[in-house]
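K.L.:
My structure is stored as run-v5.csv, with CSV, C-alpha atoms.
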```
chain,number,residue,atom,x,y,z
O,1,MET,CA,17.2,-0.9,-27.1
O,2,LYS,CA,17.0,0.4,-23.6
O,3,LEU,CA,14.7,1.9,-21.1
O,4,TYR,CA,16.1,4.6,-18.8
O,5,LEU,CA,14.4,5.4,-15.6
O,6,VAL,CA,15.3,9.1,-14.9
O,7,PRO,CA,14.5,10.8,-11.6
O,8,THR,CA,13.5,14.4,-11.8
O,9,PRO,CA,13.6,17.2,-9.2
O,10,ILE,CA,10.9,17.1,-6.5
O,11,GLY,CA,10.9,20.9,-6.4
O,12,ASN,CA,14.2,22.6,-7.0
O,13,LEU,CA,15.2,22.3,-10.6
O,14,GLU,CA,18.9,22.2,-9.7
O,15,ASP,CA,18.4,18.8,-8.2
O,16,ILE,CA,18.9,16.8,-11.4
O,17,THR,CA,22.2,15.0,-12.2
O,18,LEU,CA,24.5,15.8,-15.1
O,19,ARG,CA,24.1,12.2,-16.2
O,20,ALA,CA,20.3,12.6,-16.3
O,21,LEU,CA,20.6,15.7,-18.4
O,22,ARG,CA,23.0,14.0,-20.8
O,23,ILE,CA,20.7,11.0,-21.3
O,24,LEU,CA,17.6,13.1,-21.8
O,25,ARG,CA,19.4,15.3,-24.3
O,26,GLU,CA,21.6,12.8,-26.2
O,27,GLU,CA,20.8,9.2,-25.5
O,28,VAL,CA,17.1,8.7,-26.0
O,29,ASP,CA,14.7,9.0,-28.9
O,30,VAL,CA,11.5,9.5,-26.9
O,31,ILE,CA,10.7,10.7,-23.3
O,32,LEU,CA,7.7,9.1,-21.6
O,33,ALA,CA,6.2,11.6,-19.2
O,34,GLU,CA,3.6,11.3,-16.5
O,35,ASP,CA,2.4,14.8,-17.5
O,36,THR,CA,4.0,16.2,-20.7
O,37,ARG,CA,3.3,19.8,-19.6
O,38,THR,CA,5.2,19.4,-16.3
O,39,SER,CA,8.1,17.6,-17.9
O,40,GLY,CA,8.0,20.1,-20.7
O,41,ASN,CA,8.8,22.9,-18.3
O,42,LEU,CA,11.8,20.9,-17.0
O,43,LEU,CA,13.1,20.2,-20.5
O,44,ARG,CA,12.7,23.8,-21.6
O,45,HIS,CA,14.6,25.0,-18.6
O,46,TYR,CA,17.5,22.9,-19.7
O,47,ASN,CA,17.1,23.5,-23.4
O,48,ILE,CA,16.3,19.9,-24.2
O,49,SER,CA,14.1,19.2,-27.2
O,50,LYS,CA,12.9,15.6,-27.5
O,51,PRO,CA,9.5,14.0,-28.5
O,52,MET,CA,7.3,13.2,-25.5
O,53,SER,CA,4.5,10.7,-25.0
O,54,ALA,CA,2.1,10.5,-22.1
O,55,PHE,CA,2.6,7.6,-19.7
O,56,HIS,CA,0.5,7.9,-16.6
O,57,ILE,CA,-1.7,5.9,-14.2
O,58,ASN,CA,-4.8,6.3,-16.4
O,59,ASN,CA,-3.3,4.9,-19.6
O,60,GLU,CA,-0.3,2.7,-18.6
O,61,HIS,CA,-2.3,-0.5,-18.8
O,62,LYS,CA,-3.3,0.3,-22.4
O,63,VAL,CA,0.1,1.5,-23.7
O,64,VAL,CA,2.7,-0.4,-21.7
O,65,THR,CA,3.0,-3.3,-24.2
O,66,ALA,CA,3.2,-1.0,-27.2
O,67,PHE,CA,6.0,1.1,-25.7
O,68,ALA,CA,8.0,-2.0,-24.5
O,69,GLU,CA,7.7,-3.5,-28.0
O,70,ARG,CA,9.0,-0.2,-29.6
O,71,ILE,CA,12.0,-0.3,-27.3
O,72,LEU,CA,12.5,-4.0,-28.2
O,73,ALA,CA,12.5,-2.9,-31.9
O,74,GLY,CA,15.4,-0.5,-31.3
O,75,GLU,CA,14.1,2.7,-29.8
O,76,LYS,CA,15.7,4.2,-26.7
O,77,MET,CA,13.2,5.7,-24.2
O,78,ALA,CA,13.4,7.5,-20.9
O,79,LEU,CA,10.6,7.4,-18.4
O,80,VAL,CA,10.1,10.4,-16.1
O,81,THR,CA,7.4,11.3,-13.7
O,82,ASP,CA,6.3,14.7,-12.5
O,83,ALA,CA,8.7,14.6,-9.6
O,84,GLY,CA,11.1,12.0,-8.1
O,85,THR,CA,12.0,8.5,-9.2
O,86,PRO,CA,9.6,6.5,-11.5
O,87,ALA,CA,7.7,3.7,-9.9
O,88,ILE,CA,8.0,5.1,-6.3
O,89,SER,CA,4.3,5.8,-5.7
O,90,ASP,CA,4.3,6.8,-9.4
O,91,PRO,CA,3.8,5.0,-12.8
O,92,GLY,CA,6.7,2.8,-13.9
O,93,PHE,CA,6.4,-0.7,-12.5
O,94,LEU,CA,4.3,-2.1,-15.3
O,95,LEU,CA,6.7,-0.9,-18.0
O,96,VAL,CA,9.8,-2.1,-16.2
O,97,ARG,CA,8.2,-5.5,-15.7
O,98,GLU,CA,7.2,-5.8,-19.4
O,99,CYS,CA,10.6,-4.7,-20.6
O,100,ILE,CA,12.3,-7.3,-18.4
O,101,ARG,CA,9.8,-9.9,-19.7
O,102,LEU,CA,10.8,-9.0,-23.3
O,103,GLY,CA,14.5,-9.0,-22.6
O,104,VAL,CA,14.9,-5.2,-22.9
O,105,GLU,CA,17.7,-3.6,-20.8
O,106,VAL,CA,16.5,-1.4,-18.0
O,107,GLU,CA,18.7,1.2,-16.4
O,108,CYS,CA,17.7,3.3,-13.4
O,109,LEU,CA,19.6,6.4,-12.6
O,110,PRO,CA,20.0,7.5,-9.0
O,111,GLY,CA,18.4,10.8,-8.1
O,112,ALA,CA,15.6,12.6,-6.3
O,113,THR,CA,13.1,10.8,-4.1
O,114,ALA,CA,11.1,12.7,-1.6
O,115,PHE,CA,11.1,10.2,1.3
O,116,VAL,CA,14.9,10.1,1.6
O,117,PRO,CA,15.5,13.7,2.7
O,118,ALA,CA,12.3,13.6,4.8
O,119,LEU,CA,13.6,10.5,6.6
O,120,VAL,CA,17.1,11.7,7.2
O,121,ASN,CA,16.2,15.1,8.6
O,122,SER,CA,13.4,13.8,10.7
O,123,GLY,CA,15.6,12.9,13.7
O,124,LEU,CA,13.9,9.5,13.8
O,125,SER,CA,15.7,6.2,13.3
O,126,ALA,CA,16.8,5.6,9.7
O,127,ASP,CA,18.5,2.2,10.3
O,128,HIS,CA,15.3,0.3,9.6
O,129,PHE,CA,12.2,1.7,8.0
O,130,ILE,CA,9.1,0.7,6.1
O,131,PHE,CA,7.8,2.8,3.1
O,132,GLU,CA,4.1,2.6,2.8
O,133,GLY,CA,3.5,5.3,0.3
O,134,PHE,CA,-0.1,6.6,0.2
O,135,LEU,CA,-2.6,5.1,2.6
O,136,PRO,CA,-5.8,3.6,1.1
O,137,HIS,CA,-8.5,6.3,1.0
O,138,LYS,CA,-11.3,4.0,2.2
O,139,LYS,CA,-11.2,0.2,2.1
O,140,GLY,CA,-8.4,-1.1,4.2
O,141,ARG,CA,-7.4,2.2,5.5
O,142,GLN,CA,-8.1,1.6,9.2
O,143,THR,CA,-6.5,-1.9,9.0
O,144,LYS,CA,-3.4,-0.4,7.5
O,145,ILE,CA,-3.2,2.3,10.2
O,146,ASN,CA,-3.6,-0.4,12.9
O,147,GLU,CA,-0.7,-2.3,11.4
O,148,ILE,CA,1.5,0.8,11.2
O,149,ALA,CA,0.8,1.5,14.9
O,150,LYS,CA,2.3,-1.9,15.9
O,151,ASN,CA,5.3,-1.7,13.6
O,152,GLN,CA,8.6,-1.4,15.5
O,153,TYR,CA,10.3,0.4,12.6
O,154,THR,CA,10.0,4.0,11.4
O,155,THR,CA,7.2,4.3,8.9
O,156,ILE,CA,7.1,6.6,5.9
O,157,LEU,CA,3.9,7.8,4.4
O,158,TYR,CA,3.0,10.1,1.5
O,159,GLU,CA,-0.1,12.3,1.9
O,160,SER,CA,-1.9,15.1,0.2
O,161,PRO,CA,-2.3,18.5,2.0
O,162,PHE,CA,-6.1,18.0,2.0
O,163,ARG,CA,-5.9,14.8,4.1
O,164,LEU,CA,-2.9,15.6,6.3
O,165,VAL,CA,-4.8,16.6,9.5
O,166,LYS,CA,-7.2,13.7,9.1
O,167,THR,CA,-4.4,11.2,8.7
O,168,LEU,CA,-2.5,12.6,11.7
O,169,GLN,CA,-5.6,12.4,13.8
O,170,GLN,CA,-6.2,8.8,12.8
O,171,LEU,CA,-2.6,7.9,13.6
O,172,MET,CA,-2.9,9.6,17.0
O,173,GLU,CA,-6.0,7.7,17.9
O,174,VAL,CA,-4.2,4.4,17.4
O,175,CYS,CA,-0.6,5.2,18.2
O,176,GLY,CA,-1.3,7.6,21.1
O,177,PRO,CA,-0.6,11.3,21.4
O,178,GLU,CA,3.0,11.0,22.5
O,179,ARG,CA,4.3,9.0,19.5
O,180,ARG,CA,6.9,11.1,17.7
O,181,VAL,CA,6.4,12.2,14.1
O,182,SER,CA,8.0,14.5,11.5
O,183,VAL,CA,6.0,16.1,8.7
O,184,ALA,CA,8.0,17.4,5.7
O,185,ARG,CA,6.3,19.8,3.4
O,186,GLU,CA,7.5,21.4,0.1
O,187,LEU,CA,10.9,19.7,0.2
O,188,THR,CA,13.7,21.5,-1.7
O,189,LYS,CA,11.4,24.5,-2.4
O,190,ILE,CA,11.6,28.0,-1.0
O,191,HIS,CA,8.9,27.3,1.6
O,192,GLU,CA,10.3,24.0,2.8
O,193,GLU,CA,9.1,23.1,6.3
O,194,ASN,CA,9.8,20.2,8.7
O,195,ALA,CA,7.4,20.0,11.6
O,196,ARG,CA,8.7,17.7,14.4
O,197,GLY,CA,7.2,16.6,17.7
O,198,SER,CA,4.6,14.4,19.2
O,199,LEU,CA,1.6,13.4,17.2
O,200,ALA,CA,-0.5,15.7,19.4
O,201,GLU,CA,1.8,18.7,18.9
O,202,VAL,CA,2.2,18.3,15.1
O,203,THR,CA,-1.6,17.6,14.6
O,204,GLU,CA,-2.4,20.7,16.6
O,205,TYR,CA,0.1,22.8,14.6
O,206,PHE,CA,-1.3,21.8,11.2
O,207,THR,CA,-4.9,22.1,12.4
O,208,HIS,CA,-4.5,25.8,12.6
O,209,LYS,CA,-2.8,26.6,9.3
O,210,GLU,CA,-3.4,26.3,5.6
O,211,VAL,CA,-1.4,23.4,4.3
O,212,LYS,CA,0.0,23.3,0.8
O,213,GLY,CA,2.5,21.2,-1.2
O,214,GLU,CA,3.6,17.6,-1.2
O,215,ILE,CA,3.7,15.9,2.2
O,216,VAL,CA,5.9,13.2,3.7
O,217,ILE,CA,5.1,11.8,7.1
O,218,ILE,CA,7.8,10.1,9.1
O,219,LEU,CA,6.3,8.2,12.1
O,220,GLU,CA,8.4,6.8,15.0
O,221,GLY,CA,8.3,3.0,15.4
O,222,ASN,CA,6.5,1.3,18.3
O,223,ASP,CA,9.1,0.5,21.0
O,224,ASN,CA,6.8,-1.3,23.3
```
Take the structure in the file and give it back as structure tokens.
P.N.:
Amino acid sequence: MKLYLVPTPIGNLEDITLRALRILREEVDVILAEDTRTSGNLLRHYNISKPMSAFHINNEHKVVTAFAERILAGEKMALVTDAGTPAISDPGFLLVRECIRLGVEVECLPGATAFVPALVNSGLSADHFIFEGFLPHKKGRQTKINEIAKNQYTTILYESPFRLVKTLQQLMEVCGPERRVSVARELTKIHEENARGSLAEVTEYFTHKEVKGEIVIILEGNDN
């Protein structure tokens, strides 16, 4: 009985480990997927044929106990998300917690996580950083931005392309136009882009272009 947490590529299908492929192909009975269609494409690419069940933000509260109890009864399962490492701004925490409560072994493989390459190639300090994930859409959003502005460490945010400019503008209002920022877009894909500069410069840049893909914002800490 074991739950494997298996990171999947964030864009480039080559970014999956040999160990991850072996576990998905040979070690598990069922693969729990955030979106079975997306994961199905990955499995077909590597000629892996395993039963899949949906495990996502809209059903995890309902199914988490049943899946954990099935693992406890002897099944081996792998949890994958659409891209990256499970439980990092993705479903996974509830299942891990329930498995630990029941005494089920949990094994997390190392692998793709979007914020790591975005941070490392930003040119900003990676010695100390705070990962905030997605900002609240409404309630608590401004309070969180005010906290981030005062933080002395590099801050990492995830954002959708549709809210990117709005978020950069809000950060600039509180942090000032000269605070340095790096915006990583479409990491590991053909059209990967890293836009670096002041908040004023990067906001202006994205204001005048169509933005697509997954976004990671790396914001310089407050050194005042």
K.L.:
Contacts between stretch 207-212 of chain O and stretch 94-195 of chain O, please, where a residue of stretch 94-195 of chain O counts if it comes within 12 Å (with all atoms listed in the file); show its shortest atom pair and distance in Å to one decimal, rows by chain and ascending number, as a Markdown table.
P.N.:
```
| residue | atom | partner | partner_atom | distance |
| --- | --- | --- | --- | --- |
| O:Glu159 | CA | O:Lys212 | CA | 11.1 |
| O:Ser160 | CA | O:Lys212 | CA | 8.4 |
| O:Pro161 | CA | O:Lys212 | CA | 5.5 |
| O:Phe162 | CA | O:Val211 | CA | 7.5 |
| O:Arg163 | CA | O:Val211 | CA | 9.7 |
| O:Leu164 | CA | O:Val211 | CA | 8.2 |
| O:Val165 | CA | O:Thr207 | CA | 6.2 |
| O:Lys166 | CA | O:Thr207 | CA | 9.3 |
| O:Thr167 | CA | O:Thr207 | CA | 11.5 |
| O:Leu168 | CA | O:Thr207 | CA | 9.8 |
| O:Gln169 | CA | O:Thr207 | CA | 9.8 |
| O:Val183 | CA | O:Val211 | CA | 11.3 |
| O:Ala184 | CA | O:Lys212 | CA | 11.1 |
| O:Arg185 | CA | O:Lys212 | CA | 7.7 |
| O:Glu186 | CA | O:Lys212 | CA | 7.8 |
| O:Leu187 | CA | O:Lys212 | CA | 11.5 |
| O:Lys189 | CA | O:Lys212 | CA | 11.9 |
| O:His191 | CA | O:Lys212 | CA | 9.8 |
| O:Glu192 | CA | O:Lys212 | CA | 10.5 |
| O:Glu193 | CA | O:Lys212 | CA | 10.6 |
| O:Ala195 | CA | O:Val211 | CA | 11.9 |
```
K.L.:
State, in Å with one decimal place, the distance from atom CA of O:Thr154 to atom CA of O:Asn222.
P.N.:
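A separation of 8.2 Å between them.
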K.L.:
Counting all atoms listed in the file, select every polymer residue within 7 Å of (13.2, 14.0, -14.6) as defined in the file's coordinates, and provide the selection as a JSON list (two decimals) with C-alpha atoms, keeping the file's coordinate frame.
P.N.:
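Writing done, so here's part-v1.json:
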```json
[["chain", "number", "residue", "atom", "x", "y", "z"],
["O", 6, "VAL", "CA", 15.30, 9.10, -14.90],
["O", 7, "PRO", "CA", 14.50, 10.80, -11.60],
["O", 8, "THR", "CA", 13.50, 14.40, -11.80],
["O", 9, "PRO", "CA", 13.60, 17.20, -9.20],
["O", 80, "VAL", "CA", 10.10, 10.40, -16.10],
["O", 81, "THR", "CA", 7.40, 11.30, -13.70],
["O", 83, "ALA", "CA", 8.70, 14.60, -9.60]]
```
K.L.:
List the neighbours of O:Thr36 out to 9 Å using all atoms listed in the file; skip same-chain residues closer than 3 positions along the sequence, and give me the result as a PyMOL selection string.
P.N.:
chain O and resi 32-33+39-41+52-55+82
K.L.:
Just give me the gap between atom CA of O:Gly111 and atom CA of O:Asn194 in Å, one decimal is fine.
P.N.:
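One can read the atom CA of O:Gly111 to atom CA of O:Asn194 distance as 21.1 Å.
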K.L.:
Report, in Å with one decimal, the straight-line distance from atom CA of O:Asn146 to atom CA of O:Phe93.
P.N.:
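If I compute the distance from atom CA of O:Asn146 to atom CA of O:Phe93, I get 27.3 Å.
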K.L.:
Using all atoms listed in the file, find the one residue out of O:Lys50, O:Arg70, O:Lys139, O:His128 that sits nearest to O:Cys99.
P.N.:
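Ranking O:Lys50, O:Arg70, O:Lys139, O:His128 by distance to O:Cys99, first place goes to O:Arg70.
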K.L.:
Counting only C-alpha atoms, which residues come within 12 Å of (0.5, 0.9, -21.0), with the point read in the file's coordinates, and could you list them as a list in words?
P.N.:
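These residues have at least one counted atom within 12 Å: Leu32, Glu34, Ser53, Ala54, Phe55, His56, Ile57, Asn58, Asn59, Glu60, His61, Lys62, Val63, Val64, Thr65, Ala66, Phe67, Ala68, Glu69, Pro91, Gly92, Phe93, Leu94, Leu95, Val96, Arg97, Glu98 and Cys99 of chain O.
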K.L.:
Could you list, as a tab-separated table (two decimals) with C-alpha atoms, keeping the file's coordinate frame, every residue within 12 Å of O:Glu26, counting all atoms listed in the file and ignoring same-chain residues fewer than 2 positions away?
P.N.:
```
chain	number	residue	atom	x	y	z
O	18	LEU	CA	24.50	15.80	-15.10
O	19	ARG	CA	24.10	12.20	-16.20
O	20	ALA	CA	20.30	12.60	-16.30
O	21	LEU	CA	20.60	15.70	-18.40
O	22	ARG	CA	23.00	14.00	-20.80
O	23	ILE	CA	20.70	11.00	-21.30
O	24	LEU	CA	17.60	13.10	-21.80
O	28	VAL	CA	17.10	8.70	-26.00
O	29	ASP	CA	14.70	9.00	-28.90
O	30	VAL	CA	11.50	9.50	-26.90
O	31	ILE	CA	10.70	10.70	-23.30
O	47	ASN	CA	17.10	23.50	-23.40
O	48	ILE	CA	16.30	19.90	-24.20
O	49	SER	CA	14.10	19.20	-27.20
O	50	LYS	CA	12.90	15.60	-27.50
O	76	LYS	CA	15.70	4.20	-26.70
O	77	MET	CA	13.20	5.70	-24.20
O	78	ALA	CA	13.40	7.50	-20.90
```
K.L.:
Name all residues at most 7 Å from stretch 113-115 of chain O (count only C-alpha atoms; drop same-chain ones fewer than 4 positions away) and give them as an NGL selection string.
P.N.:
:O and (10 or 84-85 or 119 or 216)
K.L.:
Between O:Leu124, O:Leu43, O:Ile16, O:Ile100, which is the closest to O:Lys2 once you count all atoms listed in the file?
P.N.:
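For O:Lys2, the nearest of the candidates is O:Ile100.
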K.L.:
Of the candidates O:Leu109, O:Met1, O:Leu171, O:Leu42, which one gets nearest to O:Glu75 if we count all atoms listed in the file?
P.N.:
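Of O:Leu109, O:Met1, O:Leu171, O:Leu42, the one nearest O:Glu75, counting all atoms listed in the file, is O:Met1.
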K.L.:
Just checking: using all atoms listed in the file, which residue out of O:Leu157, O:Arg141, O:Ser122, O:Ala149 ends up closest to O:Ser182?
P.N.:
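For O:Ser182, the nearest of the candidates is O:Ser122.
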K.L.:
Using only C-alpha atoms, which of O:Ser125, O:Asn224, O:Thr188, O:Gln170 sits nearest O:Glu14?
P.N.:
O:Thr188
K.L.:
Counting all atoms listed in the file, figure out which residue out of O:Thr38, O:Asn12, O:Ser89, O:Thr203 gets nearest to O:Phe131.
P.N.:
O:Ser89
K.L.:
With all heavy atoms as the target, complete stretch 13-24 of chain O and hand it back as a CSV table (one decimal), in the coordinates of the input.
P.N.:
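So out_15.csv came out as:
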```csv
chain,number,residue,atom,x,y,z
O,13,LEU,N,14.7,22.8,-9.3
O,13,LEU,CA,15.2,22.3,-10.6
O,13,LEU,C,16.7,22.0,-10.7
O,13,LEU,O,17.1,21.4,-11.6
O,13,LEU,CB,14.8,23.3,-11.7
O,13,LEU,CG,13.3,23.5,-12.0
O,13,LEU,CD1,13.1,24.5,-13.1
O,13,LEU,CD2,12.6,22.2,-12.3
O,14,GLU,N,17.4,22.5,-9.7
O,14,GLU,CA,18.9,22.2,-9.7
O,14,GLU,C,19.2,20.8,-9.3
O,14,GLU,O,20.3,20.3,-9.5
O,14,GLU,CB,19.6,23.2,-8.8
O,14,GLU,CG,19.6,24.7,-9.2
O,14,GLU,CD,20.3,25.6,-8.3
O,14,GLU,OE1,20.8,25.1,-7.2
O,14,GLU,OE2,20.3,26.8,-8.5
O,15,ASP,N,18.2,20.1,-8.7
O,15,ASP,CA,18.4,18.8,-8.2
O,15,ASP,C,18.2,17.7,-9.3
O,15,ASP,O,17.4,16.8,-9.1
O,15,ASP,CB,17.4,18.5,-7.0
O,15,ASP,CG,17.7,19.4,-5.8
O,15,ASP,OD1,18.9,19.8,-5.7
O,15,ASP,OD2,16.8,19.6,-5.0
O,16,ILE,N,18.9,17.9,-10.4
O,16,ILE,CA,18.9,16.8,-11.4
O,16,ILE,C,20.4,16.6,-11.7
O,16,ILE,O,21.2,17.5,-11.7
O,16,ILE,CB,18.1,17.3,-12.7
O,16,ILE,CG1,18.0,16.1,-13.6
O,16,ILE,CG2,18.8,18.5,-13.3
O,16,ILE,CD1,17.0,16.3,-14.7
O,17,THR,N,20.8,15.4,-12.0
O,17,THR,CA,22.2,15.0,-12.2
O,17,THR,C,22.6,15.4,-13.6
O,17,THR,O,21.8,15.4,-14.6
O,17,THR,CB,22.4,13.5,-11.9
O,17,THR,OG1,21.8,12.8,-12.9
O,17,THR,CG2,21.9,13.1,-10.6
O,18,LEU,N,23.9,15.5,-13.8
O,18,LEU,CA,24.5,15.8,-15.1
O,18,LEU,C,24.2,14.6,-16.0
O,18,LEU,O,24.0,14.7,-17.2
O,18,LEU,CB,26.0,16.0,-15.0
O,18,LEU,CG,26.4,17.3,-14.2
O,18,LEU,CD1,27.9,17.4,-14.1
O,18,LEU,CD2,25.9,18.6,-14.9
O,19,ARG,N,24.3,13.4,-15.4
O,19,ARG,CA,24.1,12.2,-16.2
O,19,ARG,C,22.6,12.2,-16.7
O,19,ARG,O,22.4,11.8,-17.9
O,19,ARG,CB,24.3,11.0,-15.4
O,19,ARG,CG,24.2,9.6,-16.1
O,19,ARG,CD,24.5,8.5,-15.1
O,19,ARG,NE,24.1,7.2,-15.6
O,19,ARG,CZ,23.8,6.2,-14.8
O,19,ARG,NH1,23.9,6.3,-13.5
O,19,ARG,NH2,23.5,5.0,-15.4
O,20,ALA,N,21.7,12.5,-15.9
O,20,ALA,CA,20.3,12.6,-16.3
O,20,ALA,C,20.1,13.5,-17.5
O,20,ALA,O,19.4,13.2,-18.4
O,20,ALA,CB,19.4,12.9,-15.1
O,21,LEU,N,20.7,14.7,-17.4
O,21,LEU,CA,20.6,15.7,-18.4
O,21,LEU,C,21.2,15.2,-19.7
O,21,LEU,O,20.6,15.3,-20.8
O,21,LEU,CB,21.2,17.0,-18.0
O,21,LEU,CG,20.6,17.8,-16.9
O,21,LEU,CD1,21.4,19.0,-16.5
O,21,LEU,CD2,19.1,18.2,-17.3
O,22,ARG,N,22.3,14.5,-19.6
O,22,ARG,CA,23.0,14.0,-20.8
O,22,ARG,C,22.1,12.9,-21.5
O,22,ARG,O,21.9,12.9,-22.7
O,22,ARG,CB,24.3,13.4,-20.5
O,22,ARG,CG,25.0,12.7,-21.7
O,22,ARG,CD,26.4,12.1,-21.3
O,22,ARG,NE,26.3,11.1,-20.2
O,22,ARG,CZ,25.9,9.8,-20.4
O,22,ARG,NH1,25.5,9.4,-21.7
O,22,ARG,NH2,25.8,9.0,-19.4
O,23,ILE,N,21.5,12.0,-20.7
O,23,ILE,CA,20.7,11.0,-21.3
O,23,ILE,C,19.4,11.5,-21.9
O,23,ILE,O,19.0,11.1,-23.0
O,23,ILE,CB,20.3,9.9,-20.2
O,23,ILE,CG1,21.6,9.1,-19.9
O,23,ILE,CG2,19.2,9.0,-20.6
O,23,ILE,CD1,21.5,8.1,-18.7
O,24,LEU,N,18.8,12.5,-21.2
O,24,LEU,CA,17.6,13.1,-21.8
O,24,LEU,C,17.9,13.9,-23.1
O,24,LEU,O,17.1,13.9,-24.0
O,24,LEU,CB,16.9,14.0,-20.8
O,24,LEU,CG,16.3,13.3,-19.6
O,24,LEU,CD1,15.8,14.4,-18.6
O,24,LEU,CD2,15.2,12.4,-19.9
```
